[in-house]
Amino acid sequence: MALSEIDITKCIVERFSRDFLEYSSLDVAIAGGGPSGMTAAYYLAKEGAKVAIFERNLHIGGGMWGGGMLFPKIVVQDDAVEIMEGFDIRLEPFGDGYYSADSVEVVVKTTAAAIAAQARIWVGISVEDVLIREDDRVSGVVVNWGAVELSGLHVDPLGVESTIVIDSTGHDAYVARNLARKVPGCRLLTDTGDVVGEKPMWAEAGEEEIVGNTREVWPGLVLAGMAANTVMGSPRMGAIFGGMFLSGKRAAEIALDRIHR
Ligand code: 48F
């Protein structure tokens, strides 16, 4: 068979365009492919929701690869064991109620599970804004290439509509912060009406508060993972990750409830 560069070009451009168009109208758009976003995508797709993750980096996994201070291990606690076992992740008990897992294994197995459940994962695509309608409800995401964001080039983005947007962008809580800045008179469902801001590390409090912080903070916008603690003003927790999986699962439950309503 003679190889043709043009056939390769056509294959890539046609297939990407087909898939991107198919996923331009979603039940749930997820900003950020770290542990909380990936877990949310898995639970949503498993229930039949049409869901896509937009991850600005060329790789998914967020803060998981580096474990704690580049030691590629993460720690989870009892509460998250059921979720981890659902992903077929091997856990090694450590002391009273802690488990360790290999960070690379956690990234690939959560990702494989989300893909098998039919979640679509786009890498190299940043969420730079949200779509807003008359009632100020968030009704989708505004996306651009991560490379465009990095270069600072002035290139207009494209819109993707969705019933719900999940902000799982991690410590920066980019989507919620951007919304609070741009919508006149915006009062998020927080103590101050604004992004309260992440508190210094306190693993126990951070893990305890994260599931309660996982909420629809503005019509159509649900928080997950560290973004939830940042927006609500709770502490960071470092390299213990159970709360990220629990928060991702909770975000999926909230989103499913809104979709079915
Ligand atoms: O930071 P990240 O892993 O968020 P998470 O799911 O998990 C937090 C833990 O990794 C760790 C921790 C554990 O206790 O505190 O920090 O809350 O993943 C966030 C992902 O979002 C991407 C970013 O590249 C990362 O992969 N991201 C951030 N902003 C954007 C984005 C954006 N505007 N558009 C698309 N992706």
# chains A, B, ... in the order shown; residues from 1 in each chain; ligands from 1

call {"tool": "select_by_dssp", "arguments": {"residues": "segment 42-261 of chain A", "states": "strand (DSSP E)", "output": "ChimeraX atom specification"}}
result
/A:51-55,73-77,92-94,98-102,120-123,125-132,138-145,158-167,216-218,221-223

call {"tool": "residues_near_ligand", "arguments": {"ligand": "ligand 1", "cutoff": "8 Å", "atoms": "only C-alpha atoms and all ligand atoms", "output": "MDAnalysis selection string"}}
result
chainID A and resid 31:38 54:57 59:64 125:129 143 146 168:175 203 207 224:228 236:244 248

call {"tool": "select_by_dssp", "arguments": {"residues": "segment 35-141 of chain A", "states": "helix (DSSP H, G or I)", "output": "NGL selection string"}}
result
:A and (35-46 or 62-64 or 78-86 or 103-116)

call {"tool": "residues_around", "arguments": {"residues": "Arg137 of chain A", "least_positions_apart": "2", "cutoff": "6 Å", "atoms": "only C-alpha atoms", "output": "MDAnalysis selection string"}}
result
chainID A and resid 132:133 135 219:220

call {"tool": "closest_residue", "arguments": {"among": "A:Thr214, A:Ser17, A:Gln118, A:Gln77", "to": "Asp96 of chain A", "atoms": "only C-alpha atoms"}}
result
A:Gln77

call {"tool": "closest_atom_pairs", "arguments": {"of": "segment 71-184 of chain A", "to": "segment 20-27 of chain A", "cutoff": "10 Å", "atoms": "only C-alpha atoms", "output": "tab-separated table"}}
result
residue	atom	partner	partner_atom	distance
A:Ala119	CA	A:Tyr23	CA	10.0
A:Arg120	CA	A:Tyr23	CA	7.8
A:Trp122	CA	A:Phe20	CA	8.9
A:Ser139	CA	A:Leu26	CA	9.8
A:Gly140	CA	A:Leu26	CA	8.2
A:Val141	CA	A:Ser24	CA	9.7
A:Leu158	CA	A:Ser24	CA	9.6
A:Gly159	CA	A:Ser24	CA	7.7
A:Val160	CA	A:Ser24	CA	4.8
A:Glu161	CA	A:Ser25	CA	4.8
A:Ser162	CA	A:Leu26	CA	4.4
A:Thr163	CA	A:Asp27	CA	5.0
A:Ile164	CA	A:Asp27	CA	6.3
A:Val165	CA	A:Asp27	CA	8.6

call {"tool": "residues_around", "arguments": {"residues": "Gly197 of chain A", "least_positions_apart": "2", "cutoff": "9 Å", "atoms": "only C-alpha atoms", "output": "PyMOL selection string"}}
result
chain A and resi 172+194-195+199+229-235

call {"tool": "atom_distance", "arguments": {"atom1": "atom CA of Glu105 of chain A", "atom2": "atom CA of Lys46 of chain A"}}
result
20.6 Å
